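K.L.:
Quick one, data-v2.cif (mmCIF, C-alpha atoms):
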```cif
data_run
#
loop_
_atom_site.group_PDB
_atom_site.id
_atom_site.type_symbol
_atom_site.label_atom_id
_atom_site.label_comp_id
_atom_site.auth_asym_id
_atom_site.auth_seq_id
_atom_site.Cartn_x
_atom_site.Cartn_y
_atom_site.Cartn_z
ATOM 1 C CA MET Q 1 6.504 105.018 161.862
ATOM 2 C CA ILE Q 2 5.874 102.063 164.160
ATOM 3 C CA THR Q 3 9.043 100.442 165.420
ATOM 4 C CA ASN Q 4 9.668 97.278 167.373
ATOM 5 C CA ARG Q 5 11.231 98.173 170.728
ATOM 6 C CA LYS Q 6 11.593 94.820 172.382
ATOM 7 C CA GLN Q 7 15.061 95.684 173.679
ATOM 8 C CA SER Q 8 13.678 98.133 176.243
ATOM 9 C CA PHE Q 9 14.959 97.910 179.795
ATOM 10 C CA LEU Q 10 15.199 99.650 183.129
ATOM 11 C CA GLN Q 11 18.413 100.049 185.066
ATOM 12 C CA GLN Q 12 18.377 99.858 188.821
ATOM 13 C CA LYS Q 13 21.174 100.984 191.139
ATOM 14 C CA ASP Q 14 21.501 98.646 194.086
ATOM 15 C CA ARG Q 15 22.524 99.557 197.623
ATOM 16 C CA GLU Q 16 26.207 98.855 196.911
ATOM 17 C CA GLY Q 17 26.296 101.171 193.894
ATOM 18 C CA GLN Q 18 26.157 98.448 191.222
ATOM 19 C CA TYR Q 19 23.840 98.598 188.226
ATOM 20 C CA HIS Q 20 21.580 95.791 187.153
ATOM 21 C CA THR Q 21 19.326 95.449 184.136
ATOM 22 C CA MET Q 22 15.772 94.247 184.575
ATOM 23 C CA LYS Q 23 15.368 91.531 181.990
ATOM 24 C CA GLU Q 24 12.839 92.007 179.229
ATOM 25 C CA ILE Q 25 9.342 91.672 180.649
ATOM 26 C CA PRO Q 26 6.508 90.853 178.226
ATOM 27 C CA LEU Q 27 3.337 92.920 178.198
ATOM 28 C CA GLU Q 28 0.838 91.791 180.805
ATOM 29 C CA ASP Q 29 -2.056 91.780 178.329
ATOM 30 C CA THR Q 30 -2.346 90.510 174.786
ATOM 31 C CA ALA Q 31 -4.638 92.211 172.282
ATOM 32 C CA GLY Q 32 -7.143 89.448 173.028
ATOM 33 C CA ASP Q 33 -7.038 90.311 176.733
ATOM 34 C CA ILE Q 34 -7.615 93.985 175.896
ATOM 35 C CA VAL Q 35 -10.632 93.168 173.736
ATOM 36 C CA GLN Q 36 -12.055 90.909 176.445
ATOM 37 C CA LYS Q 37 -11.647 93.603 179.126
ATOM 38 C CA ALA Q 38 -13.236 96.249 176.942
ATOM 39 C CA ARG Q 39 -16.056 93.917 175.879
ATOM 40 C CA THR Q 40 -17.038 93.043 179.442
ATOM 41 C CA GLY Q 41 -16.536 96.691 180.404
ATOM 42 C CA HIS Q 42 -19.234 97.582 177.886
ATOM 43 C CA GLY Q 43 -21.464 94.775 179.108
ATOM 44 C CA LEU Q 44 -21.287 92.834 175.840
ATOM 45 C CA SER Q 45 -21.281 89.083 175.338
ATOM 46 C CA GLN Q 46 -18.990 87.582 172.732
ATOM 47 C CA GLU Q 47 -22.012 86.945 170.547
ATOM 48 C CA ALA Q 48 -23.189 90.552 170.837
ATOM 49 C CA LEU Q 49 -19.736 91.931 170.016
ATOM 50 C CA ALA Q 50 -19.400 89.602 167.032
ATOM 51 C CA ARG Q 51 -22.793 90.663 165.740
ATOM 52 C CA THR Q 52 -22.178 94.383 166.255
ATOM 53 C CA SER Q 53 -18.643 94.421 164.842
ATOM 54 C CA GLY Q 54 -19.208 91.982 161.996
ATOM 55 C CA VAL Q 55 -16.334 89.758 163.156
ATOM 56 C CA ASP Q 56 -17.065 86.034 163.059
ATOM 57 C CA SER Q 57 -17.844 84.817 166.587
ATOM 58 C CA SER Q 58 -15.547 81.787 166.417
ATOM 59 C CA ARG Q 59 -12.657 83.995 165.279
ATOM 60 C CA LEU Q 60 -13.390 86.457 168.090
ATOM 61 C CA ILE Q 61 -13.419 83.680 170.689
ATOM 62 C CA ASP Q 62 -10.095 82.339 169.422
ATOM 63 C CA PHE Q 63 -8.619 85.862 169.446
ATOM 64 C CA GLU Q 64 -9.668 86.499 173.033
ATOM 65 C CA ASN Q 65 -8.164 83.148 174.033
ATOM 66 C CA ASP Q 66 -4.895 83.875 172.195
ATOM 67 C CA LYS Q 67 -5.516 80.970 169.840
ATOM 68 C CA GLY Q 68 -5.828 82.900 166.616
ATOM 69 C CA LYS Q 69 -5.038 86.182 164.870
ATOM 70 C CA LEU Q 70 -7.336 88.657 163.185
ATOM 71 C CA SER Q 71 -6.821 90.784 160.125
ATOM 72 C CA ARG Q 72 -6.207 94.496 160.471
ATOM 73 C CA GLU Q 73 -9.723 95.169 159.218
ATOM 74 C CA GLU Q 74 -11.214 92.873 161.884
ATOM 75 C CA VAL Q 75 -9.121 94.486 164.636
ATOM 76 C CA ILE Q 76 -10.273 97.936 163.503
ATOM 77 C CA ARG Q 77 -13.919 96.800 163.591
ATOM 78 C CA LEU Q 78 -13.538 95.505 167.130
ATOM 79 C CA ALA Q 79 -11.720 98.633 168.259
ATOM 80 C CA SER Q 80 -14.366 100.924 166.772
ATOM 81 C CA THR Q 81 -17.174 98.987 168.448
ATOM 82 C CA LEU Q 82 -15.401 98.973 171.821
ATOM 83 C CA MET Q 83 -14.162 102.580 171.682
ATOM 84 C CA LEU Q 84 -10.522 101.488 171.621
ATOM 85 C CA HIS Q 85 -7.814 103.157 169.563
ATOM 86 C CA PRO Q 86 -7.565 100.956 166.420
ATOM 87 C CA ASP Q 87 -3.920 101.611 165.507
ATOM 88 C CA ARG Q 88 -2.759 101.022 169.068
ATOM 89 C CA LEU Q 89 -4.706 97.793 169.354
ATOM 90 C CA TRP Q 90 -3.189 96.641 166.063
ATOM 91 C CA GLU Q 91 0.322 97.520 167.292
ATOM 92 C CA ILE Q 92 -0.122 95.274 170.308
ATOM 93 C CA SER Q 93 -1.796 92.545 168.261
ATOM 94 C CA GLU Q 94 1.247 92.416 165.974
ATOM 95 C CA GLY Q 95 3.880 92.793 168.708
ATOM 96 C CA LEU Q 96 5.013 96.143 167.314
ATOM 97 C CA TRP Q 97 5.196 98.062 170.570
ATOM 98 C CA HIS Q 98 6.834 97.674 173.947
ATOM 99 C CA PRO Q 99 7.433 100.492 176.462
ATOM 100 C CA ASN Q 100 10.923 101.908 176.587
ATOM 101 C CA PRO Q 101 11.340 103.629 179.960
ATOM 102 C CA THR Q 102 15.125 103.724 180.290
ATOM 103 C CA GLN Q 103 15.924 105.362 183.607
ATOM 104 C CA ILE Q 104 18.322 104.874 186.492
ATOM 105 C CA LEU Q 105 16.338 104.222 189.665
ATOM 106 C CA LYS Q 106 18.001 105.311 192.886
ATOM 107 C CA GLN Q 107 15.036 104.877 195.206
ATOM 108 C CA VAL Q 108 13.166 101.799 193.963
ATOM 109 C CA ILE Q 109 13.983 98.104 194.204
ATOM 110 C CA PRO Q 110 11.541 95.901 192.258
ATOM 111 C CA LEU Q 111 10.929 92.475 193.810
ATOM 112 C CA GLU Q 112 9.678 89.754 191.499
ATOM 113 C CA GLY Q 113 7.269 87.224 192.941
ATOM 114 C CA PHE Q 114 5.565 84.333 191.180
ATOM 115 C CA LEU Q 115 2.259 82.574 191.711
ATOM 116 C CA GLY Q 116 2.779 79.459 189.671
ATOM 117 C CA GLY Q 117 4.179 80.976 186.500
ATOM 118 C CA TYR Q 118 2.378 84.275 187.000
ATOM 119 C CA ARG Q 119 4.712 87.229 187.665
ATOM 120 C CA VAL Q 120 3.698 89.846 190.240
ATOM 121 C CA TRP Q 121 5.686 92.811 191.522
ATOM 122 C CA ALA Q 122 6.321 94.265 194.941
ATOM 123 C CA TYR Q 123 8.554 97.313 195.352
ATOM 124 C CA LEU Q 124 10.792 98.847 198.010
ATOM 125 C CA LEU Q 125 10.757 102.651 198.043
ATOM 126 C CA ILE Q 126 13.874 103.850 199.866
ATOM 127 C CA ASP Q 127 14.790 107.007 201.745
ATOM 128 C CA ASP Q 128 18.606 106.997 201.605
ATOM 129 C CA ASP Q 129 19.134 109.408 204.500
ATOM 130 C CA SER Q 130 17.130 107.472 207.080
ATOM 131 C CA LYS Q 131 17.626 103.987 205.534
ATOM 132 C CA SER Q 132 13.891 103.517 205.935
ATOM 133 C CA CYS Q 133 11.618 102.240 203.213
ATOM 134 C CA ALA Q 134 8.026 101.739 202.239
ATOM 135 C CA ILE Q 135 6.999 98.359 200.851
ATOM 136 C CA VAL Q 136 4.483 98.661 198.025
ATOM 137 C CA ASP Q 137 2.353 95.492 197.802
ATOM 138 C CA THR Q 138 3.515 92.045 198.844
ATOM 139 C CA ALA Q 139 3.677 89.911 195.665
ATOM 140 C CA ASN Q 140 2.170 87.301 198.043
ATOM 141 C CA SER Q 141 5.807 86.661 199.011
ATOM 142 C CA PRO Q 142 6.574 87.790 202.570
ATOM 143 C CA SER Q 143 9.848 85.859 202.750
ATOM 144 C CA LEU Q 144 11.077 87.545 199.541
ATOM 145 C CA ILE Q 145 10.404 90.981 201.008
ATOM 146 C CA ILE Q 146 11.819 90.278 204.455
ATOM 147 C CA GLU Q 147 15.005 88.823 202.939
ATOM 148 C CA ALA Q 148 15.406 91.904 200.704
ATOM 149 C CA LEU Q 149 15.059 94.216 203.696
ATOM 150 C CA HIS Q 150 17.800 92.331 205.546
ATOM 151 C CA ARG Q 151 20.056 92.179 202.484
ATOM 152 C CA HIS Q 152 19.858 95.919 201.887
ATOM 153 C CA HIS Q 153 19.925 96.862 205.609
ATOM 154 C CA LEU Q 154 16.589 98.655 205.460
ATOM 155 C CA THR Q 155 13.938 99.387 208.061
ATOM 156 C CA ALA Q 156 10.367 99.186 206.792
ATOM 157 C CA SER Q 157 8.180 102.058 207.945
ATOM 158 C CA TYR Q 158 5.089 101.354 205.843
ATOM 159 C CA LEU Q 159 3.443 98.631 203.826
ATOM 160 C CA LEU Q 160 1.373 100.405 201.167
ATOM 161 C CA LEU Q 161 -1.305 98.307 199.493
ATOM 162 C CA THR Q 162 -2.589 99.374 196.094
ATOM 163 C CA HIS Q 163 -5.473 96.931 196.636
ATOM 164 C CA THR Q 164 -6.081 93.725 198.531
ATOM 165 C CA HIS Q 165 -6.289 90.944 195.957
ATOM 166 C CA TYR Q 166 -4.258 88.079 197.379
ATOM 167 C CA ASP Q 167 -1.380 88.459 194.920
ATOM 168 C CA HIS Q 168 -0.850 92.014 196.174
ATOM 169 C CA ALA Q 169 -1.756 91.722 199.851
ATOM 170 C CA GLY Q 170 -1.071 88.075 200.690
ATOM 171 C CA GLY Q 171 1.300 87.853 203.646
ATOM 172 C CA ALA Q 172 0.775 91.505 204.631
ATOM 173 C CA ASN Q 173 0.156 90.719 208.299
ATOM 174 C CA GLU Q 174 3.227 88.475 208.435
ATOM 175 C CA ILE Q 175 5.358 91.255 206.955
ATOM 176 C CA ALA Q 176 3.931 93.816 209.391
ATOM 177 C CA THR Q 177 4.550 91.535 212.379
ATOM 178 C CA GLU Q 178 8.103 90.770 211.306
ATOM 179 C CA THR Q 179 9.127 94.329 210.389
ATOM 180 C CA GLY Q 180 6.877 96.645 212.408
ATOM 181 C CA ALA Q 181 5.683 98.360 209.229
ATOM 182 C CA LYS Q 182 2.285 100.053 209.363
ATOM 183 C CA ILE Q 183 -0.169 98.691 206.806
ATOM 184 C CA LEU Q 184 -1.896 101.489 204.882
ATOM 185 C CA CYS Q 185 -4.693 101.031 202.349
ATOM 186 C CA HIS Q 186 -8.015 102.522 201.293
ATOM 187 C CA PRO Q 187 -10.885 101.802 203.723
ATOM 188 C CA GLN Q 188 -13.098 100.445 200.939
ATOM 189 C CA GLU Q 189 -10.699 97.517 200.630
ATOM 190 C CA ARG Q 190 -12.043 96.281 203.994
ATOM 191 C CA PHE Q 191 -8.636 95.245 205.271
ATOM 192 C CA MET Q 192 -7.281 95.683 208.798
ATOM 193 C CA SER Q 193 -5.051 98.702 208.246
ATOM 194 C CA GLU Q 194 -4.718 102.413 208.748
ATOM 195 C CA PRO Q 195 -6.970 104.141 206.181
ATOM 196 C CA ILE Q 196 -5.653 106.423 203.466
ATOM 197 C CA ARG Q 197 -7.598 108.550 200.990
ATOM 198 C CA GLN Q 198 -7.198 110.762 197.944
ATOM 199 C CA GLY Q 199 -5.074 113.850 198.574
ATOM 200 C CA GLU Q 200 -3.246 112.588 201.655
ATOM 201 C CA THR Q 201 0.553 112.691 201.802
ATOM 202 C CA ILE Q 202 2.605 110.025 203.571
ATOM 203 C CA LYS Q 203 5.949 111.346 204.769
ATOM 204 C CA MET Q 204 8.997 109.127 205.128
ATOM 205 C CA GLY Q 205 12.239 111.011 205.711
ATOM 206 C CA LYS Q 206 12.602 113.383 202.777
ATOM 207 C CA ILE Q 207 10.164 111.403 200.646
ATOM 208 C CA GLN Q 208 6.569 112.518 200.217
ATOM 209 C CA ILE Q 209 4.182 109.853 198.927
ATOM 210 C CA HIS Q 210 0.973 111.236 197.449
ATOM 211 C CA VAL Q 211 -2.162 109.113 197.622
ATOM 212 C CA LEU Q 212 -4.190 108.868 194.398
ATOM 213 C CA GLU Q 213 -7.481 106.989 194.409
ATOM 214 C CA THR Q 214 -7.640 104.921 191.217
ATOM 215 C CA GLN Q 215 -10.784 102.921 191.840
ATOM 216 C CA GLY Q 216 -12.460 100.514 189.474
ATOM 217 C CA HIS Q 217 -10.359 97.347 189.447
ATOM 218 C CA THR Q 218 -11.326 97.178 193.119
ATOM 219 C CA PRO Q 219 -13.489 99.553 195.203
ATOM 220 C CA GLY Q 220 -10.506 101.102 196.985
ATOM 221 C CA GLY Q 221 -7.776 100.829 194.378
ATOM 222 C CA THR Q 222 -4.980 103.292 195.147
ATOM 223 C CA SER Q 223 -1.837 104.526 193.405
ATOM 224 C CA PHE Q 224 1.176 106.103 195.109
ATOM 225 C CA TYR Q 225 2.922 109.033 193.419
ATOM 226 C CA VAL Q 226 6.451 110.074 194.381
ATOM 227 C CA GLY Q 227 7.440 112.749 191.884
ATOM 228 C CA ASP Q 228 9.475 110.891 189.276
ATOM 229 C CA PHE Q 229 7.435 107.717 189.459
ATOM 230 C CA CYS Q 230 4.093 106.255 190.462
ATOM 231 C CA PHE Q 231 3.111 102.812 191.737
ATOM 232 C CA VAL Q 232 -0.168 101.999 189.997
ATOM 233 C CA GLY Q 233 -0.923 98.431 191.098
ATOM 234 C CA ASP Q 234 -3.487 96.844 188.782
ATOM 235 C CA ALA Q 235 -5.113 100.115 187.711
ATOM 236 C CA LEU Q 236 -2.875 100.427 184.660
ATOM 237 C CA PHE Q 237 -0.595 98.060 182.769
ATOM 238 C CA ALA Q 238 1.723 98.874 179.896
ATOM 239 C CA GLY Q 239 -0.689 99.136 176.975
ATOM 240 C CA SER Q 240 -3.715 98.088 179.016
ATOM 241 C CA MET Q 241 -5.596 98.532 182.291
ATOM 242 C CA GLY Q 242 -6.990 96.411 185.082
ATOM 243 C CA ARG Q 243 -9.965 94.114 184.799
ATOM 244 C CA THR Q 244 -13.211 95.556 186.169
ATOM 245 C CA PRO Q 245 -16.247 93.769 187.634
ATOM 246 C CA SER Q 246 -18.971 95.868 185.972
ATOM 247 C CA PRO Q 247 -19.565 98.489 183.268
ATOM 248 C CA ALA Q 248 -19.846 101.159 185.979
ATOM 249 C CA ALA Q 249 -16.462 100.156 187.437
ATOM 250 C CA TYR Q 250 -14.981 100.127 183.922
ATOM 251 C CA GLN Q 251 -16.040 103.714 183.286
ATOM 252 C CA LYS Q 252 -14.836 104.693 186.757
ATOM 253 C CA LEU Q 253 -11.371 103.257 186.181
ATOM 254 C CA LEU Q 254 -11.061 104.844 182.737
ATOM 255 C CA GLY Q 255 -11.844 108.240 184.235
ATOM 256 C CA GLU Q 256 -9.503 107.793 187.207
ATOM 257 C CA ILE Q 257 -6.565 106.806 184.996
ATOM 258 C CA GLN Q 258 -7.208 109.639 182.557
ATOM 259 C CA ALA Q 259 -7.457 112.286 185.257
ATOM 260 C CA LYS Q 260 -4.922 111.117 187.820
ATOM 261 C CA ILE Q 261 -2.299 108.985 186.074
ATOM 262 C CA LEU Q 262 -2.140 110.262 182.509
ATOM 263 C CA GLY Q 263 -2.306 113.799 183.896
ATOM 264 C CA LEU Q 264 1.118 113.349 185.527
ATOM 265 C CA PRO Q 265 4.268 114.655 183.786
ATOM 266 C CA ASP Q 266 5.226 112.795 180.604
ATOM 267 C CA SER Q 267 8.451 111.362 182.029
ATOM 268 C CA THR Q 268 6.794 109.824 185.109
ATOM 269 C CA VAL Q 269 7.726 106.140 185.342
ATOM 270 C CA LEU Q 270 4.733 103.917 186.106
ATOM 271 C CA PHE Q 271 5.326 100.752 188.123
ATOM 272 C CA PRO Q 272 2.406 98.316 187.726
ATOM 273 C CA GLY Q 273 1.617 95.163 189.650
ATOM 274 C CA HIS Q 274 2.256 93.019 186.566
ATOM 275 C CA GLY Q 275 4.195 93.362 183.345
ATOM 276 C CA PRO Q 276 6.881 95.902 182.447
ATOM 277 C CA ALA Q 277 7.266 99.409 183.790
ATOM 278 C CA THR Q 278 6.146 102.143 181.435
ATOM 279 C CA THR Q 279 5.845 105.941 181.368
ATOM 280 C CA VAL Q 280 3.010 108.419 181.144
ATOM 281 C CA VAL Q 281 4.034 109.525 177.653
ATOM 282 C CA GLU Q 282 4.200 105.923 176.426
ATOM 283 C CA GLU Q 283 0.681 105.261 177.660
ATOM 284 C CA ARG Q 284 -0.705 108.473 176.218
ATOM 285 C CA HIS Q 285 0.622 107.471 172.810
ATOM 286 C CA HIS Q 286 0.181 103.678 172.829
ATOM 287 C CA ASN Q 287 -2.526 102.542 175.247
ATOM 288 C CA PRO Q 288 -5.614 101.496 173.224
ATOM 289 C CA PHE Q 289 -8.045 102.340 176.045
ATOM 290 C CA PHE Q 290 -7.318 106.063 175.770
ATOM 291 C CA LEU Q 291 -8.196 107.777 172.508
#
```
Can you present the structure in this file as C-alpha cells?
P.N.:
Amino acid sequence: MITNRKQSFLQQKDREGQYHTMKEIPLEDTAGDIVQKARTGHGLSQEALARTSGVDSSRLIDFENDKGKLSREEVIRLASTLMLHPDRLWEISEGLWHPNPTQILKQVIPLEGFLGGYRVWAYLLIDDDSKSCAIVDTANSPSLIIEALHRHHLTASYLLLTHTHYDHAGGANEIATETGAKILCHPQERFMSEPIRQGETIKMGKIQIHVLETQGHTPGGTSFYVGDFCFVGDALFAGSMGRTPSPAAYQKLLGEIQAKILGLPDSTVLFPGHGPATTVVEERHHNPFFL
C-alpha cells in the first residue's frame, strides 16, 4: 500500500554532540520534470510524445511546466512511452512518496546554499581522529564553507567535485586558497585540479573514499562512496536523476546509476546535490527511471 511519508527526516550529530533535524526538504523534481527529462533523453519533442502516447499536447505542456495535472491513465501512457515505471511516476505526481532515510550521521555535515531560491548542497566529510575533512562540492558558497570549517575546528584536506557546474564548483579556487585543500575532480570536467578516476581510493585518516564515475549529466560526473553513504551530486536525485544533454548521455547515466549506485547495499544513504537525501533501497523501489 502506498503511504504518504512527508514527515521523513535525517538527524545529524554536530561537533559538540548535539542532535539536529534537517527540516523537510521537498523532492528536487516534480513528475513533470521527470517526464521532461525522459522525453529529451529519448530525443522526443513534446509534439512527438503527445502523438505517440495519445496525451493531448496542451495537457502535456502544462504538466511538464507544473501548471496542470494528468489522470492516472494519461500518466501511465506517458510512462509506458518513455520507459518509466508507471506506478512510481503516479506516486510522485500525486505526492504519495517521499524518501525516509532516518539515520544518525556522525561523519557528515550538510551545508545548505542558495542561488536565488534554488537550494544546493555542499557537504563536509569528517575524520574524527585527525579532525581533517573533505569538502564535497561548494554550493557556490565559499564563505559558508569556510565559516563552517572554522566553527567546527576542522582542517580541509580535499575539495571533491562531483562535477563542475557553477552551483557545485563556484568558489572552488577561493576555498582551496583559503584552506589549502587539494581540488580533485574527473579530468573530463576540464577544471584545474588533480585528476581522479573510477576505482581510485582517496585516503583521509581512517576514511577511504571510493571514486565512482557516474557520467552523463556531465562528461566527468563523479560520485564518492564512503561505506555507509555516497555523495552522488546531480547524477541521482530522490525519485529522479540528473538532466542529460543528449540521448547518448541519457543512456550512459541510466547505466552508470544502475550499475554503480543502485548496486550498493540497500541501506546506503545517498546525498545528492539538490533535494532530500535518500537511500539505495528507496530508489530501487520508488525511482521511476529504473524498472
K.L.:
Would you mind telling me which residue in Q:Thr218, Q:Thr278, Q:Gln251, Q:Ser240 lies nearest to Q:Ile25 when using only C-alpha atoms?
P.N.:
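Smallest separation from Q:Ile25 among the options: Q:Thr278.
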K.L.:
Could you check how far atom CA of Q:Pro265 sits from atom CA of Q:Val108, in Å to one decimal?
P.N.:
18.7 Å
K.L.:
Determine the residue set returned by the PyMOL selection byres ((chain Q and resi 222) around 8) for the present structure, and present it as a ChimeraX atom specification.
P.N.:
/Q:161-163,185-186,211-215,220-221,223-224,232-233
K.L.:
Show me, as a list of chain:residue names, the residues that have an atom within 8 Å of Q:Gly239 when counting only C-alpha atoms, minus same-chain residues fewer than 6 positions from it.
P.N.:
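Here the answer would be Q:Leu27, Q:Asp29, Q:Ile92, Q:Glu283, Q:His286, Q:Asn287, Q:Pro288.
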K.L.:
From the options Q:Thr279, Q:Ser132, Q:Gln208, Q:Gln46, which residue's atoms come nearest to Q:Thr155, counting only C-alpha atoms?
P.N.:
Q:Ser132
K.L.:
Kindly give the distance, in Å, that separates atom CA of Q:Glu64 and atom CA of Q:Leu49, rounded to a single decimal.
P.N.:
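Atom-to-atom, atom CA of Q:Glu64 and atom CA of Q:Leu49 are spaced 11.8 Å apart.
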K.L.:
Leaving out Q:His165 and any residue of its chain fewer than 5 positions from it, which residues lie within 12 Å of it when counting only C-alpha atoms, given as a list in words?
P.N.:
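With the cut-off at 12 Å, the set is Val120, Asp137, Thr138, Ala139, Asn140, Gly170, Gly171, Ala172, Glu189, Arg190, Phe191, His217, Thr218, Pro219, Gly220, Gly221, Gly233, Asp234 and Gly273 of chain Q.
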K.L.:
Rounded to one decimal, what separation in Å do you get between atom CA of Q:Arg72 and atom CA of Q:His98?
P.N.:
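Separating atom CA of Q:Arg72 from atom CA of Q:His98 is a distance of 19.0 Å.
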K.L.:
Give as a list in words the residues that the PyMOL selection byres ((chain Q and resi 173) around 12) matches when applied to the coordinates above.
P.N.:
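For this structure, the PyMOL selection byres ((chain Q and resi 173) around 12) captures Asp137, Thr138, Asn140, Ser141, Pro142, Tyr158, Leu159, Leu161, Thr164, Ala169, Gly170, Gly171, Ala172, Glu174, Ile175, Ala176, Thr177, Glu178, Thr179, Gly180, Ala181, Lys182, Ile183, Leu184, Phe191, Met192 and Ser193 of chain Q.
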K.L.:
For the PyMOL selection byres ((chain Q and resi 26) around 10), applied here, can you spell out every residue it catches as an MDAnalysis selection string?
P.N.:
chainID Q and resid 6 23:25 27:30 98:99 238 274:276
K.L.:
Output C-alpha atoms of each residue in that selection to a file, as an mmCIF file, keeping the file's coordinate frame.
P.N.:
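The new file out37.cif reads:
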```cif
data_model
loop_
_atom_site.group_PDB
_atom_site.id
_atom_site.type_symbol
_atom_site.label_atom_id
_atom_site.label_comp_id
_atom_site.auth_asym_id
_atom_site.auth_seq_id
_atom_site.Cartn_x
_atom_site.Cartn_y
_atom_site.Cartn_z
ATOM 1 C CA LYS Q 6 11.593 94.820 172.382
ATOM 2 C CA LYS Q 23 15.368 91.531 181.990
ATOM 3 C CA GLU Q 24 12.839 92.007 179.229
ATOM 4 C CA ILE Q 25 9.342 91.672 180.649
ATOM 5 C CA LEU Q 27 3.337 92.920 178.198
ATOM 6 C CA GLU Q 28 0.838 91.791 180.805
ATOM 7 C CA ASP Q 29 -2.056 91.780 178.329
ATOM 8 C CA THR Q 30 -2.346 90.510 174.786
ATOM 9 C CA HIS Q 98 6.834 97.674 173.947
ATOM 10 C CA PRO Q 99 7.433 100.492 176.462
ATOM 11 C CA ALA Q 238 1.723 98.874 179.896
ATOM 12 C CA HIS Q 274 2.256 93.019 186.566
ATOM 13 C CA GLY Q 275 4.195 93.362 183.345
ATOM 14 C CA PRO Q 276 6.881 95.902 182.447
#
```
K.L.:
Need the shell around Q:Asp127: protein/DNA/RNA residues with any atom at most 9 Å away, counting only C-alpha atoms. Skip same-chain ones fewer than 5 positions apart. Format as a PDB file with C-alpha atoms, in the coordinates of the input?
P.N.:
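Contents of selection21.pdb, freshly written:
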```pdb
ATOM      1  CA  GLN Q 107      15.036 104.877 195.206  1.00  0.00           C
ATOM      2  CA  SER Q 132      13.891 103.517 205.935  1.00  0.00           C
ATOM      3  CA  CYS Q 133      11.618 102.240 203.213  1.00  0.00           C
ATOM      4  CA  ALA Q 134       8.026 101.739 202.239  1.00  0.00           C
ATOM      5  CA  MET Q 204       8.997 109.127 205.128  1.00  0.00           C
ATOM      6  CA  GLY Q 205      12.239 111.011 205.711  1.00  0.00           C
ATOM      7  CA  LYS Q 206      12.602 113.383 202.777  1.00  0.00           C
ATOM      8  CA  ILE Q 207      10.164 111.403 200.646  1.00  0.00           C
TER       9      ILE Q 207
END
```
K.L.:
For a quick check of understanding, using only C-alpha atoms, which of Q:Val269, Q:Ser53, Q:Ala248, Q:Ser143 has the smallest distance to Q:Leu105?
P.N.:
Q:Val269
K.L.:
What lies within 9 Å of Q:Gly242 using only C-alpha atoms, ignoring chain neighbours under 3 positions off, as a PDB file with C-alpha atoms, in the coordinates of the input?
P.N.:
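The resulting file, selection10.pdb, is shown below:
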```pdb
ATOM      1  CA  LYS Q  37     -11.647  93.603 179.126  1.00  0.00           C
ATOM      2  CA  GLY Q 216     -12.460 100.514 189.474  1.00  0.00           C
ATOM      3  CA  HIS Q 217     -10.359  97.347 189.447  1.00  0.00           C
ATOM      4  CA  GLY Q 233      -0.923  98.431 191.098  1.00  0.00           C
ATOM      5  CA  ASP Q 234      -3.487  96.844 188.782  1.00  0.00           C
ATOM      6  CA  ALA Q 235      -5.113 100.115 187.711  1.00  0.00           C
ATOM      7  CA  LEU Q 236      -2.875 100.427 184.660  1.00  0.00           C
ATOM      8  CA  PHE Q 237      -0.595  98.060 182.769  1.00  0.00           C
ATOM      9  CA  TYR Q 250     -14.981 100.127 183.922  1.00  0.00           C
ATOM     10  CA  LEU Q 253     -11.371 103.257 186.181  1.00  0.00           C
TER      11      LEU Q 253
END
```
K.L.:
Name the residues in contact with Q:Glu47 at a cut-off of 12 Å, using only C-alpha atoms, excluding same-chain residues fewer than 2 positions from it; report them as a ChimeraX atom specification.
P.N.:
/Q:39-40,43-45,49-61
K.L.:
Have a look at Q:Ala156, Q:Ile209, Q:Leu84, Q:Leu115 and name the one nearest to Q:His168; count only C-alpha atoms.
P.N.:
Q:Leu115
K.L.:
What would the list of residues within 9 Å of (3.0, 106.6, 188.4) (file frame) look like as a ChimeraX atom specification, if all atoms listed in the file are what count?
P.N.:
/Q:223-232,261-262,264,268-272,278-280
K.L.:
With all atoms listed in the file as the basis for distance, which of Q:His150, Q:Ile34, Q:Tyr123, Q:Lys203 is at the shortest distance from Q:His85?
P.N.:
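Distance minimum relative to Q:His85 lands on Q:Ile34.
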K.L.:
Taking (-3.5, 100.2, 168.8) in the file's own coordinates, collect the residues within 10 Å, counting all atoms listed in the file, and hand them back as a list in words.
P.N.:
Ala31, Val75, Ile76, Ala79, Leu84, His85, Pro86, Asp87, Arg88, Leu89, Trp90, Glu91, Ile92, Ser93, Glu94, Leu96, Trp97, Gly239, His285, His286, Asn287, Pro288, Phe289, Phe290 and Leu291 of chain Q
